[in-house]
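Trainee: Before I ask anything, let me first share the structure, which is written out below as structure tokens.
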Amino acid sequence: MTRPVYVHDLDGLAAHVRTVRAALPRPVELLYAVKANPDPGVLRTLAPVVDGFETASRGELRRMAEVLPGRVPAAYAGPGKTDEDLAAALAAGVDRIHVESPAELRRLGALAIAAGTSARVLLRVNLPVDAPGASLVMGGGPSPFGMDPADAVECVRHPPAGVEVRGVHAHLASGLDAPLAGAVAAAVVRWSVAEVGAAEVDVGGGMAVDYADPTARFDWVGYGRALADVLDAHPGLRLRIEPGRSVTAYCGAYLAEVVDVKRSHGEWFVVVEGGTHHLRTPAAKGHPQPFTVHRRQDADGPRTDGGPVTVVGQLCTPKDILSRSTAAGPIGVGDVLVFAMAGAYAWNISHRDFLLHEPPEFRTGDPHRVAAEWAARPSRS
Ligand SMILES: *Cc1c(COP(=O)(O)O)cnc(C)c1O
């Protein structure tokens with residue numbers, strides 16, 4: 001086995017999502033944003049713990065129907081929904097359709113009437129949120145996502161036939177730490193209740209994942225306390241969150257074997273079989289993907305001197321950089337690298353057809369056990 005392998009640690013994922021659920025006050029509905037990782041095993045593992053799934057395409061609706069038949073998606077979202085998309089969401093009985101513009105709301109109403117039903121809707125609003133204690137102002141600027149506050153107020157005052165506007169959806173930013181995410185949630189709810197009398201608010205996802213520290217976790221307990229305060233201030237409110245990355249990032253690893261190491265003008269390069277056509281996350285986010293090294297047991301090829309390395313893949317582009325490290329130690333041909341935090345926005349966002357390399361294999365289990373067995377076998381077998 002030399003082909004790269006994705007390993008999903010589903011036991012670890014189950015434990016992690018249970019911790020997240022336990023940190024949130026019970027009335028808060030925890031939805032999982034399917035776009036972060038729609039792997040069937042991941043969806044099945046999350047299903048008993050999360051309150052629902054947020055979908056954003058007909059493909060995701062199909063995936064849900066195949067993997068979790070009978071489980072009606074909690075939300076259908078996303079910009080640029082066609083009539084076919086909206087009709088599919090209605091036909092699937094999706095609990096809430098998140099509407100992005102006044103024109104989309106009118107089209108949805110007409111489709112619902114034609115289907116003999118009515119659509120339960122949250123309006124996605126692009127709110128200027130000035131979170132107390134944070135210098136950051138999010139939303140409120142020009143954006144393809146959501147509608148302006150004044151348009152939302154108008155949609156609530158004069159809704160088109162065929163829709164029931166139940167409240168507000170806001171997904172304003174990503175990479176929020178818990179105090180900031182809590183402040184944003186409170187501000188979104190304040191606006192929604194005060195300006196459109198919302199009975200339901202979905203405050204989105206975007207909880208921070210720190211790729212520089214694979215052991216760090218978003219402070220779900222602190223965030224849960226902030227949401228409890230929000231519920232105390234607005235009794236009877238139906239409150240939803242829809243994280244993706246912070247749920248599944250930790251459960252995936254990408255394993256790749258070193259095929260070459262070399263020095264170029266004074267710097268060490270490590271070339272693996274694989275690359276960003278399988279794991280685009282570091283290229284998309286502009287970070288070095290954290291990795292550990294399993295040394296090839298029968299190694300007799302060249303090794304780096306233990307100094308800084310750049311880890312690259314097999315693509316003929318200088319952008320195919322998986323990682324950089326100053327602390328990885330010597331790395332040699334045949335070693336197996338385990339790239340951690342590859343469970344969200346990883347394989348599913350990768351340009352898998354670029355250069356037409358073979359796809360990776362997929363396994364479940366403990367990535368380090370798989371890597372250790374791989375590194376113990378004779379090279380290139
Ligand atoms: C992508 C997305 C999410 C999930 O965001 P994460 O950063 O993965 O938590 C939630 N809601 C909407 C509307 C999104 O587009």
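The way I read the labels, and the way they are meant: chains A, B, ... in the order of the structure tokens, residue 1 as the first residue of every chain, and ligand 1 as the first ligand shown, with later ones counted on from there.
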Extract the full set of strand (DSSP E) residues from region 47-172 of chain A according to DSSP on the backbone, and format it as a PDB file with all heavy atoms, in the first residue's frame.
Mentor:
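Wrote out-v3.pdb, looks like this:
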ATOM      1  N   GLY A  52     -30.042  18.022  14.040  1.00  0.00           N
ATOM      2  CA  GLY A  52     -30.424  18.087  12.640  1.00  0.00           C
ATOM      3  C   GLY A  52     -29.235  18.374  11.752  1.00  0.00           C
ATOM      4  O   GLY A  52     -28.098  18.524  12.218  1.00  0.00           O
ATOM      5  N   PHE A  53     -29.521  18.430  10.441  1.00  0.00           N
ATOM      6  CA  PHE A  53     -28.490  18.653   9.441  1.00  0.00           C
ATOM      7  C   PHE A  53     -28.863  19.848   8.579  1.00  0.00           C
ATOM      8  O   PHE A  53     -30.008  19.964   8.143  1.00  0.00           O
ATOM      9  CB  PHE A  53     -28.318  17.407   8.566  1.00  0.00           C
ATOM     10  CG  PHE A  53     -27.746  16.234   9.319  1.00  0.00           C
ATOM     11  CD1 PHE A  53     -28.582  15.363  10.008  1.00  0.00           C
ATOM     12  CD2 PHE A  53     -26.380  16.025   9.355  1.00  0.00           C
ATOM     13  CE1 PHE A  53     -28.056  14.288  10.716  1.00  0.00           C
ATOM     14  CE2 PHE A  53     -25.845  14.950  10.062  1.00  0.00           C
ATOM     15  CZ  PHE A  53     -26.689  14.087  10.742  1.00  0.00           C
ATOM     16  N   GLU A  54     -27.869  20.712   8.345  1.00  0.00           N
ATOM     17  CA  GLU A  54     -28.066  21.843   7.450  1.00  0.00           C
ATOM     18  C   GLU A  54     -27.523  21.456   6.090  1.00  0.00           C
ATOM     19  O   GLU A  54     -26.343  21.090   5.965  1.00  0.00           O
ATOM     20  CB  GLU A  54     -27.337  23.083   7.994  1.00  0.00           C
ATOM     21  CG  GLU A  54     -27.623  24.352   7.224  1.00  0.00           C
ATOM     22  CD  GLU A  54     -26.446  24.868   6.420  1.00  0.00           C
ATOM     23  OE1 GLU A  54     -25.415  24.157   6.289  1.00  0.00           O
ATOM     24  OE2 GLU A  54     -26.546  25.980   5.910  1.00  0.00           O
ATOM     25  N   THR A  55     -28.374  21.516   5.064  1.00  0.00           N
ATOM     26  CA  THR A  55     -27.969  21.152   3.711  1.00  0.00           C
ATOM     27  C   THR A  55     -27.947  22.407   2.851  1.00  0.00           C
ATOM     28  O   THR A  55     -28.586  23.410   3.171  1.00  0.00           O
ATOM     29  CB  THR A  55     -28.959  20.143   3.103  1.00  0.00           C
ATOM     30  OG1 THR A  55     -30.275  20.708   3.144  1.00  0.00           O
ATOM     31  CG2 THR A  55     -28.953  18.827   3.859  1.00  0.00           C
ATOM     32  N   ALA A  75     -32.483  22.141   7.696  1.00  0.00           N
ATOM     33  CA  ALA A  75     -32.376  23.414   6.986  1.00  0.00           C
ATOM     34  C   ALA A  75     -31.858  23.180   5.575  1.00  0.00           C
ATOM     35  O   ALA A  75     -31.139  22.205   5.311  1.00  0.00           O
ATOM     36  CB  ALA A  75     -31.451  24.373   7.735  1.00  0.00           C
ATOM     37  N   TYR A  76     -32.262  24.080   4.676  1.00  0.00           N
ATOM     38  CA  TYR A  76     -31.716  24.104   3.317  1.00  0.00           C
ATOM     39  C   TYR A  76     -31.310  25.544   3.042  1.00  0.00           C
ATOM     40  O   TYR A  76     -32.123  26.467   3.172  1.00  0.00           O
ATOM     41  CB  TYR A  76     -32.758  23.637   2.291  1.00  0.00           C
ATOM     42  CG  TYR A  76     -32.183  23.462   0.902  1.00  0.00           C
ATOM     43  CD1 TYR A  76     -31.628  22.256   0.509  1.00  0.00           C
ATOM     44  CD2 TYR A  76     -32.174  24.516  -0.011  1.00  0.00           C
ATOM     45  CE1 TYR A  76     -31.085  22.094  -0.760  1.00  0.00           C
ATOM     46  CE2 TYR A  76     -31.630  24.360  -1.275  1.00  0.00           C
ATOM     47  CZ  TYR A  76     -31.092  23.145  -1.641  1.00  0.00           C
ATOM     48  OH  TYR A  76     -30.546  22.989  -2.883  1.00  0.00           O
ATOM     49  N   ARG A  96     -36.736  24.075   7.676  1.00  0.00           N
ATOM     50  CA  ARG A  96     -36.658  25.518   7.438  1.00  0.00           C
ATOM     51  C   ARG A  96     -35.817  25.763   6.182  1.00  0.00           C
ATOM     52  O   ARG A  96     -34.696  25.229   6.075  1.00  0.00           O
ATOM     53  CB  ARG A  96     -35.984  26.246   8.609  1.00  0.00           C
ATOM     54  CG  ARG A  96     -36.748  26.167   9.919  1.00  0.00           C
ATOM     55  CD  ARG A  96     -38.039  26.972   9.866  1.00  0.00           C
ATOM     56  NE  ARG A  96     -38.752  26.912  11.126  1.00  0.00           N
ATOM     57  CZ  ARG A  96     -39.716  26.019  11.412  1.00  0.00           C
ATOM     58  NH1 ARG A  96     -40.060  25.093  10.525  1.00  0.00           N
ATOM     59  NH2 ARG A  96     -40.333  26.057  12.582  1.00  0.00           N
ATOM     60  N   ILE A  97     -36.340  26.580   5.278  1.00  0.00           N
ATOM     61  CA  ILE A  97     -35.561  27.004   4.116  1.00  0.00           C
ATOM     62  C   ILE A  97     -35.015  28.394   4.427  1.00  0.00           C
ATOM     63  O   ILE A  97     -35.776  29.284   4.841  1.00  0.00           O
ATOM     64  CB  ILE A  97     -36.425  26.995   2.841  1.00  0.00           C
ATOM     65  CG1 ILE A  97     -36.908  25.555   2.560  1.00  0.00           C
ATOM     66  CG2 ILE A  97     -35.625  27.532   1.646  1.00  0.00           C
ATOM     67  CD1 ILE A  97     -37.810  25.408   1.340  1.00  0.00           C
ATOM     68  N   HIS A  98     -33.705  28.544   4.295  1.00  0.00           N
ATOM     69  CA  HIS A  98     -33.074  29.833   4.581  1.00  0.00           C
ATOM     70  C   HIS A  98     -33.019  30.634   3.287  1.00  0.00           C
ATOM     71  O   HIS A  98     -32.355  30.235   2.335  1.00  0.00           O
ATOM     72  CB  HIS A  98     -31.663  29.624   5.140  1.00  0.00           C
ATOM     73  CG  HIS A  98     -31.652  28.908   6.453  1.00  0.00           C
ATOM     74  ND1 HIS A  98     -30.510  28.488   7.074  1.00  0.00           N
ATOM     75  CD2 HIS A  98     -32.668  28.550   7.287  1.00  0.00           C
ATOM     76  CE1 HIS A  98     -30.817  27.895   8.226  1.00  0.00           C
ATOM     77  NE2 HIS A  98     -32.115  27.920   8.372  1.00  0.00           N
ATOM     78  N   VAL A  99     -33.724  31.753   3.278  1.00  0.00           N
ATOM     79  CA  VAL A  99     -33.902  32.509   2.039  1.00  0.00           C
ATOM     80  C   VAL A  99     -32.933  33.675   1.993  1.00  0.00           C
ATOM     81  O   VAL A  99     -32.734  34.386   2.977  1.00  0.00           O
ATOM     82  CB  VAL A  99     -35.365  32.980   1.911  1.00  0.00           C
ATOM     83  CG1 VAL A  99     -35.528  33.975   0.779  1.00  0.00           C
ATOM     84  CG2 VAL A  99     -36.273  31.766   1.706  1.00  0.00           C
ATOM     85  N   ALA A 119     -44.178  27.286   2.647  1.00  0.00           N
ATOM     86  CA  ALA A 119     -42.762  27.101   2.994  1.00  0.00           C
ATOM     87  C   ALA A 119     -42.472  27.801   4.316  1.00  0.00           C
ATOM     88  O   ALA A 119     -42.791  28.972   4.479  1.00  0.00           O
ATOM     89  CB  ALA A 119     -41.885  27.684   1.887  1.00  0.00           C
ATOM     90  N   ARG A 120     -41.850  27.064   5.257  1.00  0.00           N
ATOM     91  CA  ARG A 120     -41.418  27.647   6.530  1.00  0.00           C
ATOM     92  C   ARG A 120     -39.997  28.181   6.337  1.00  0.00           C
ATOM     93  O   ARG A 120     -39.097  27.431   5.951  1.00  0.00           O
ATOM     94  CB  ARG A 120     -41.464  26.603   7.634  1.00  0.00           C
ATOM     95  CG  ARG A 120     -42.860  26.067   7.905  1.00  0.00           C
ATOM     96  CD  ARG A 120     -42.834  24.885   8.859  1.00  0.00           C
ATOM     97  NE  ARG A 120     -41.964  23.821   8.371  1.00  0.00           N
ATOM     98  CZ  ARG A 120     -42.354  22.873   7.516  1.00  0.00           C
ATOM     99  NH1 ARG A 120     -43.592  22.850   7.068  1.00  0.00           N
ATOM    100  NH2 ARG A 120     -41.498  21.943   7.109  1.00  0.00           N
ATOM    101  N   VAL A 121     -39.836  29.468   6.635  1.00  0.00           N
ATOM    102  CA  VAL A 121     -38.652  30.173   6.170  1.00  0.00           C
ATOM    103  C   VAL A 121     -37.944  30.909   7.304  1.00  0.00           C
ATOM    104  O   VAL A 121     -38.590  31.456   8.197  1.00  0.00           O
ATOM    105  CB  VAL A 121     -39.103  31.196   5.082  1.00  0.00           C
ATOM    106  CG1 VAL A 121     -38.080  32.292   4.889  1.00  0.00           C
ATOM    107  CG2 VAL A 121     -39.401  30.480   3.771  1.00  0.00           C
ATOM    108  N   LEU A 122     -36.622  30.883   7.258  1.00  0.00           N
ATOM    109  CA  LEU A 122     -35.834  31.881   7.989  1.00  0.00           C
ATOM    110  C   LEU A 122     -35.190  32.789   6.946  1.00  0.00           C
ATOM    111  O   LEU A 122     -34.698  32.312   5.924  1.00  0.00           O
ATOM    112  CB  LEU A 122     -34.723  31.239   8.839  1.00  0.00           C
ATOM    113  CG  LEU A 122     -35.119  30.248   9.940  1.00  0.00           C
ATOM    114  CD1 LEU A 122     -33.878  29.866  10.769  1.00  0.00           C
ATOM    115  CD2 LEU A 122     -36.215  30.785  10.844  1.00  0.00           C
ATOM    116  N   LEU A 123     -35.206  34.077   7.212  1.00  0.00           N
ATOM    117  CA  LEU A 123     -34.560  35.030   6.302  1.00  0.00           C
ATOM    118  C   LEU A 123     -33.096  35.157   6.687  1.00  0.00           C
ATOM    119  O   LEU A 123     -32.773  35.438   7.855  1.00  0.00           O
ATOM    120  CB  LEU A 123     -35.223  36.399   6.409  1.00  0.00           C
ATOM    121  CG  LEU A 123     -36.718  36.463   6.086  1.00  0.00           C
ATOM    122  CD1 LEU A 123     -37.239  37.883   6.337  1.00  0.00           C
ATOM    123  CD2 LEU A 123     -36.992  36.034   4.645  1.00  0.00           C
ATOM    124  N   ARG A 124     -32.208  34.949   5.718  1.00  0.00           N
ATOM    125  CA  ARG A 124     -30.794  35.170   6.006  1.00  0.00           C
ATOM    126  C   ARG A 124     -30.505  36.661   5.895  1.00  0.00           C
ATOM    127  O   ARG A 124     -30.675  37.264   4.824  1.00  0.00           O
ATOM    128  CB  ARG A 124     -29.908  34.392   5.045  1.00  0.00           C
ATOM    129  CG  ARG A 124     -28.438  34.591   5.384  1.00  0.00           C
ATOM    130  CD  ARG A 124     -27.546  33.654   4.645  1.00  0.00           C
ATOM    131  NE  ARG A 124     -26.172  33.816   5.067  1.00  0.00           N
ATOM    132  CZ  ARG A 124     -25.161  33.133   4.566  1.00  0.00           C
ATOM    133  NH1 ARG A 124     -25.375  32.233   3.621  1.00  0.00           N
ATOM    134  NH2 ARG A 124     -23.930  33.330   4.999  1.00  0.00           N
ATOM    135  N   VAL A 129     -23.053  43.591  12.830  1.00  0.00           N
ATOM    136  CA  VAL A 129     -23.008  43.214  14.241  1.00  0.00           C
ATOM    137  C   VAL A 129     -21.754  43.781  14.868  1.00  0.00           C
ATOM    138  O   VAL A 129     -20.646  43.451  14.465  1.00  0.00           O
ATOM    139  CB  VAL A 129     -23.042  41.682  14.393  1.00  0.00           C
ATOM    140  CG1 VAL A 129     -22.665  41.281  15.799  1.00  0.00           C
ATOM    141  CG2 VAL A 129     -24.433  41.166  14.058  1.00  0.00           C
ATOM    142  N   ASP A 130     -21.964  44.636  15.836  1.00  0.00           N
ATOM    143  CA  ASP A 130     -20.847  45.187  16.584  1.00  0.00           C
ATOM    144  C   ASP A 130     -20.844  44.492  17.933  1.00  0.00           C
ATOM    145  O   ASP A 130     -21.562  44.879  18.835  1.00  0.00           O
ATOM    146  CB  ASP A 130     -21.039  46.703  16.743  1.00  0.00           C
ATOM    147  CG  ASP A 130     -19.740  47.363  17.183  1.00  0.00           C
ATOM    148  OD1 ASP A 130     -18.756  46.633  17.405  1.00  0.00           O
ATOM    149  OD2 ASP A 130     -19.732  48.593  17.302  1.00  0.00           O
ATOM    150  N   VAL A 137     -16.240  44.419  13.462  1.00  0.00           N
ATOM    151  CA  VAL A 137     -17.613  44.579  12.979  1.00  0.00           C
ATOM    152  C   VAL A 137     -17.793  43.628  11.808  1.00  0.00           C
ATOM    153  O   VAL A 137     -17.055  43.688  10.833  1.00  0.00           O
ATOM    154  CB  VAL A 137     -17.895  46.021  12.533  1.00  0.00           C
ATOM    155  CG1 VAL A 137     -19.329  46.133  11.997  1.00  0.00           C
ATOM    156  CG2 VAL A 137     -17.708  46.973  13.695  1.00  0.00           C
ATOM    157  N   MET A 138     -18.769  42.727  11.953  1.00  0.00           N
ATOM    158  CA  MET A 138     -18.972  41.723  10.910  1.00  0.00           C
ATOM    159  C   MET A 138     -20.287  41.943  10.201  1.00  0.00           C
ATOM    160  O   MET A 138     -21.252  42.405  10.785  1.00  0.00           O
ATOM    161  CB  MET A 138     -18.940  40.337  11.527  1.00  0.00           C
ATOM    162  CG  MET A 138     -17.537  39.911  11.860  1.00  0.00           C
ATOM    163  SD  MET A 138     -17.566  38.530  12.971  1.00  0.00           S
ATOM    164  CE  MET A 138     -18.428  39.226  14.326  1.00  0.00           C
ATOM    165  N   VAL A 163     -45.472  31.616   1.851  1.00  0.00           N
ATOM    166  CA  VAL A 163     -44.362  31.457   2.788  1.00  0.00           C
ATOM    167  C   VAL A 163     -44.794  31.872   4.202  1.00  0.00           C
ATOM    168  O   VAL A 163     -45.634  32.751   4.373  1.00  0.00           O
ATOM    169  CB  VAL A 163     -43.111  32.283   2.393  1.00  0.00           C
ATOM    170  CG1 VAL A 163     -42.621  31.907   1.024  1.00  0.00           C
ATOM    171  CG2 VAL A 163     -43.369  33.771   2.485  1.00  0.00           C
ATOM    172  N   GLU A 164     -44.231  31.195   5.174  1.00  0.00           N
ATOM    173  CA  GLU A 164     -44.380  31.579   6.582  1.00  0.00           C
ATOM    174  C   GLU A 164     -42.998  31.964   7.083  1.00  0.00           C
ATOM    175  O   GLU A 164     -42.131  31.100   7.239  1.00  0.00           O
ATOM    176  CB  GLU A 164     -44.880  30.397   7.419  1.00  0.00           C
ATOM    177  CG  GLU A 164     -46.196  29.795   6.972  1.00  0.00           C
ATOM    178  CD  GLU A 164     -46.390  28.413   7.614  1.00  0.00           C
ATOM    179  OE1 GLU A 164     -45.904  28.187   8.743  1.00  0.00           O
ATOM    180  OE2 GLU A 164     -47.010  27.569   6.946  1.00  0.00           O
ATOM    181  N   VAL A 165     -42.799  33.255   7.311  1.00  0.00           N
ATOM    182  CA  VAL A 165     -41.494  33.700   7.801  1.00  0.00           C
ATOM    183  C   VAL A 165     -41.457  33.485   9.319  1.00  0.00           C
ATOM    184  O   VAL A 165     -42.204  34.109  10.065  1.00  0.00           O
ATOM    185  CB  VAL A 165     -41.235  35.181   7.463  1.00  0.00           C
ATOM    186  CG1 VAL A 165     -39.874  35.605   8.026  1.00  0.00           C
ATOM    187  CG2 VAL A 165     -41.264  35.398   5.954  1.00  0.00           C
ATOM    188  N   ARG A 166     -40.591  32.570   9.765  1.00  0.00           N
ATOM    189  CA  ARG A 166     -40.542  32.205  11.181  1.00  0.00           C
ATOM    190  C   ARG A 166     -39.444  32.943  11.945  1.00  0.00           C
ATOM    191  O   ARG A 166     -39.447  32.955  13.161  1.00  0.00           O
ATOM    192  CB  ARG A 166     -40.318  30.697  11.321  1.00  0.00           C
ATOM    193  CG  ARG A 166     -41.428  29.837  10.744  1.00  0.00           C
ATOM    194  CD  ARG A 166     -42.668  29.912  11.627  1.00  0.00           C
ATOM    195  NE  ARG A 166     -43.772  29.126  11.087  1.00  0.00           N
ATOM    196  CZ  ARG A 166     -43.950  27.814  11.301  1.00  0.00           C
ATOM    197  NH1 ARG A 166     -43.080  27.152  12.021  1.00  0.00           N
ATOM    198  NH2 ARG A 166     -44.980  27.187  10.783  1.00  0.00           N
ATOM    199  N   GLY A 167     -38.468  33.471  11.219  1.00  0.00           N
ATOM    200  CA  GLY A 167     -37.392  34.121  11.954  1.00  0.00           C
ATOM    201  C   GLY A 167     -36.201  34.430  11.068  1.00  0.00           C
ATOM    202  O   GLY A 167     -36.342  34.612   9.852  1.00  0.00           O
ATOM    203  N   VAL A 168     -35.039  34.465  11.711  1.00  0.00           N
ATOM    204  CA  VAL A 168     -33.830  35.002  11.076  1.00  0.00           C
ATOM    205  C   VAL A 168     -32.700  33.978  11.125  1.00  0.00           C
ATOM    206  O   VAL A 168     -32.551  33.238  12.102  1.00  0.00           O
ATOM    207  CB  VAL A 168     -33.394  36.305  11.803  1.00  0.00           C
ATOM    208  CG1 VAL A 168     -31.997  36.744  11.379  1.00  0.00           C
ATOM    209  CG2 VAL A 168     -34.407  37.423  11.541  1.00  0.00           C
ATOM    210  N   HIS A 169     -31.927  33.959  10.055  1.00  0.00           N
ATOM    211  CA  HIS A 169     -30.693  33.175   9.992  1.00  0.00           C
ATOM    212  C   HIS A 169     -29.550  34.139   9.726  1.00  0.00           C
ATOM    213  O   HIS A 169     -29.673  35.049   8.892  1.00  0.00           O
ATOM    214  CB  HIS A 169     -30.798  32.153   8.859  1.00  0.00           C
ATOM    215  CG  HIS A 169     -29.497  31.503   8.500  1.00  0.00           C
ATOM    216  ND1 HIS A 169     -28.998  31.486   7.215  1.00  0.00           N
ATOM    217  CD2 HIS A 169     -28.584  30.862   9.257  1.00  0.00           C
ATOM    218  CE1 HIS A 169     -27.842  30.839   7.205  1.00  0.00           C
ATOM    219  NE2 HIS A 169     -27.568  30.455   8.426  1.00  0.00           N
TER     220      HIS A 169
END
Trainee: I'd like the contact shell of region 300-306 of chain A - 10 Å cut-off, only C-alpha atoms, skipping same-chain residues fewer than 3 positions apart - returned as a PyMOL selection string.
Mentor: chain A and resi 259-263+267-270+296-297+309+325-335+379
Trainee: What are the closest atom pairs, with distances in Å to one decimal, for each residue of chain A lying within 7 Å of ligand 1, using only C-alpha atoms and all ligand atoms, rows by chain and rising residue number, as a tab-separated table?
Mentor:
residue	atom	partner	partner_atom_place_in_ligand_line	distance
A:Ala33	CA	ligand 1	4 (C)	5.1
A:Lys35	CA	ligand 1	1 (C)	6.5
A:Ala36	CA	ligand 1	8 (O)	5.4
A:Ala77	CA	ligand 1	13 (C)	6.3
A:Gly78	CA	ligand 1	13 (C)	6.5
A:His171	CA	ligand 1	13 (C)	5.2
A:Ser174	CA	ligand 1	7 (O)	4.9
A:Gly175	CA	ligand 1	7 (O)	6.8
A:Gly204	CA	ligand 1	11 (N)	4.7
A:Gly205	CA	ligand 1	9 (O)	3.8
A:Gly206	CA	ligand 1	7 (O)	3.4
A:Met207	CA	ligand 1	9 (O)	5.4
A:Glu242	CA	ligand 1	10 (C)	5.1
A:Pro243	CA	ligand 1	9 (O)	3.6
A:Gly244	CA	ligand 1	8 (O)	3.4
A:Arg245	CA	ligand 1	8 (O)	3.8
A:Ser246	CA	ligand 1	9 (O)	5.9
Trainee: Restricting the output to all heavy atoms, write the selected residues as a tab-separated table (two decimals), in the first residue's frame.
Mentor:
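Saved file out16.tsv follows:
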chain	number	residue	atom	x	y	z
A	33	ALA	N	-23.45	21.38	9.67
A	33	ALA	CA	-23.39	21.88	8.30
A	33	ALA	C	-22.74	20.82	7.43
A	33	ALA	O	-21.52	20.62	7.46
A	33	ALA	CB	-22.59	23.19	8.25
A	35	LYS	N	-21.88	20.55	4.45
A	35	LYS	CA	-20.84	20.88	3.48
A	35	LYS	C	-19.43	20.71	4.03
A	35	LYS	O	-18.49	20.56	3.28
A	35	LYS	CB	-21.05	22.29	2.92
A	35	LYS	CG	-20.52	23.44	3.77
A	35	LYS	CD	-20.46	24.73	2.93
A	35	LYS	CE	-19.75	25.86	3.65
A	35	LYS	NZ	-20.62	26.59	4.58
A	36	ALA	N	-19.28	20.74	5.36
A	36	ALA	CA	-17.94	20.60	5.94
A	36	ALA	C	-17.35	19.22	5.65
A	36	ALA	O	-16.15	19.08	5.40
A	36	ALA	CB	-17.97	20.85	7.45
A	77	ALA	N	-30.05	25.75	2.68
A	77	ALA	CA	-29.51	27.11	2.61
A	77	ALA	C	-28.69	27.28	1.35
A	77	ALA	O	-28.60	26.37	0.52
A	77	ALA	CB	-28.67	27.39	3.85
A	78	GLY	N	-28.07	28.43	1.22
A	78	GLY	CA	-27.12	28.66	0.14
A	78	GLY	C	-27.61	29.69	-0.87
A	78	GLY	O	-28.80	29.83	-1.11
A	171	HIS	N	-25.23	33.89	9.36
A	171	HIS	CA	-23.92	33.22	9.44
A	171	HIS	C	-22.94	34.26	8.94
A	171	HIS	O	-22.77	34.46	7.76
A	171	HIS	CB	-23.92	31.97	8.55
A	171	HIS	CG	-22.57	31.32	8.42
A	171	HIS	ND1	-22.00	30.57	9.43
A	171	HIS	CD2	-21.69	31.29	7.40
A	171	HIS	CE1	-20.82	30.13	9.02
A	171	HIS	NE2	-20.61	30.55	7.79
A	174	SER	N	-16.41	33.36	10.05
A	174	SER	CA	-15.88	32.10	10.58
A	174	SER	C	-14.59	32.39	11.32
A	174	SER	O	-14.02	33.47	11.20
A	174	SER	CB	-15.66	31.10	9.45
A	174	SER	OG	-14.70	31.60	8.56
A	175	GLY	N	-14.17	31.42	12.11
A	175	GLY	CA	-12.97	31.60	12.92
A	175	GLY	C	-13.21	32.38	14.20
A	175	GLY	O	-12.29	32.96	14.76
A	204	GLY	N	-25.92	30.49	13.03
A	204	GLY	CA	-24.88	30.08	12.10
A	204	GLY	C	-23.78	29.23	12.72
A	204	GLY	O	-23.90	28.71	13.83
A	205	GLY	N	-22.70	29.09	11.95
A	205	GLY	CA	-21.54	28.31	12.39
A	205	GLY	C	-20.34	29.22	12.50
A	205	GLY	O	-20.48	30.38	12.90
A	206	GLY	N	-19.16	28.71	12.13
A	206	GLY	CA	-17.97	29.55	12.11
A	206	GLY	C	-17.14	29.50	13.38
A	206	GLY	O	-16.25	30.34	13.56
A	207	MET	N	-17.42	28.52	14.26
A	207	MET	CA	-16.64	28.41	15.49
A	207	MET	C	-15.18	28.06	15.15
A	207	MET	O	-14.91	27.23	14.29
A	207	MET	CB	-17.23	27.33	16.41
A	207	MET	CG	-18.61	27.68	16.95
A	207	MET	SD	-19.86	27.60	15.63
A	207	MET	CE	-21.35	28.01	16.52
A	242	GLU	N	-25.26	26.08	13.74
A	242	GLU	CA	-24.98	25.14	12.64
A	242	GLU	C	-23.49	25.07	12.32
A	242	GLU	O	-23.07	25.42	11.21
A	242	GLU	CB	-25.81	25.51	11.40
A	242	GLU	CG	-25.72	26.99	11.05
A	242	GLU	CD	-26.54	27.39	9.83
A	242	GLU	OE1	-27.55	26.74	9.55
A	242	GLU	OE2	-26.15	28.38	9.19
A	243	PRO	N	-22.68	24.61	13.28
A	243	PRO	CA	-21.24	24.48	13.01
A	243	PRO	C	-20.93	23.34	12.05
A	243	PRO	O	-21.69	22.38	11.94
A	243	PRO	CB	-20.66	24.18	14.39
A	243	PRO	CG	-21.77	23.51	15.14
A	243	PRO	CD	-23.04	24.13	14.63
A	244	GLY	N	-19.81	23.45	11.35
A	244	GLY	CA	-19.33	22.39	10.48
A	244	GLY	C	-17.89	22.03	10.84
A	244	GLY	O	-17.60	20.99	11.43
A	245	ARG	N	-16.97	22.94	10.52
A	245	ARG	CA	-15.53	22.69	10.71
A	245	ARG	C	-15.20	22.25	12.14
A	245	ARG	O	-14.46	21.29	12.34
A	245	ARG	CB	-14.75	23.96	10.37
A	245	ARG	CG	-13.24	23.76	10.29
A	245	ARG	CD	-12.49	25.09	10.10
A	245	ARG	NE	-12.85	25.80	8.90
A	245	ARG	CZ	-12.31	25.60	7.70
A	245	ARG	NH1	-11.35	24.72	7.55
A	245	ARG	NH2	-12.71	26.31	6.66
A	246	SER	N	-15.74	22.98	13.12
A	246	SER	CA	-15.38	22.71	14.52
A	246	SER	C	-15.92	21.36	15.00
A	246	SER	O	-15.51	20.87	16.06
A	246	SER	CB	-15.90	23.83	15.43
A	246	SER	OG	-17.30	23.99	15.24
Trainee: Can you tell me which residues surround Arg63 (chain A) at a distance of at most 9 Å, considering only C-alpha atoms, apart from same-chain residues fewer than 6 positions away, and format the answer as a list in words?
Mentor: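 Here the answer would be Pro38, Asp39 and Pro40 of chain A.
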Trainee: Just want the 12 Å neighbourhood of region 66-73 of chain A, counted on only C-alpha atoms, with same-chain residues fewer than 6 positions away dropped. Output as a PyMOL selection string.
Mentor: chain A and resi 31-34+38-48+50-60+88-97
Trainee: With only C-alpha atoms as the atoms that count, which of A:Ala186, A:Leu279, A:Ala194, A:Ala342 lies nearest to Tyr211 (chain A)?
Mentor: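 Smallest separation from Tyr211 (chain A) among the options: A:Ala342.
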Trainee: Could you list, as number ranges by chain, every residue within 10 Å of Ala212 (chain A), counting only C-alpha atoms and ignoring same-chain residues fewer than 2 positions away?
Mentor: A: 209-210, 214-216, 287-290
Trainee: From the options A:Ala74, A:Val156, A:Ala173, A:Val370, which residue's atoms come nearest to Ser192 (chain A), counting only C-alpha atoms?
Mentor: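 Counting only C-alpha atoms, the residue closest to Ser192 (chain A) is A:Val156.
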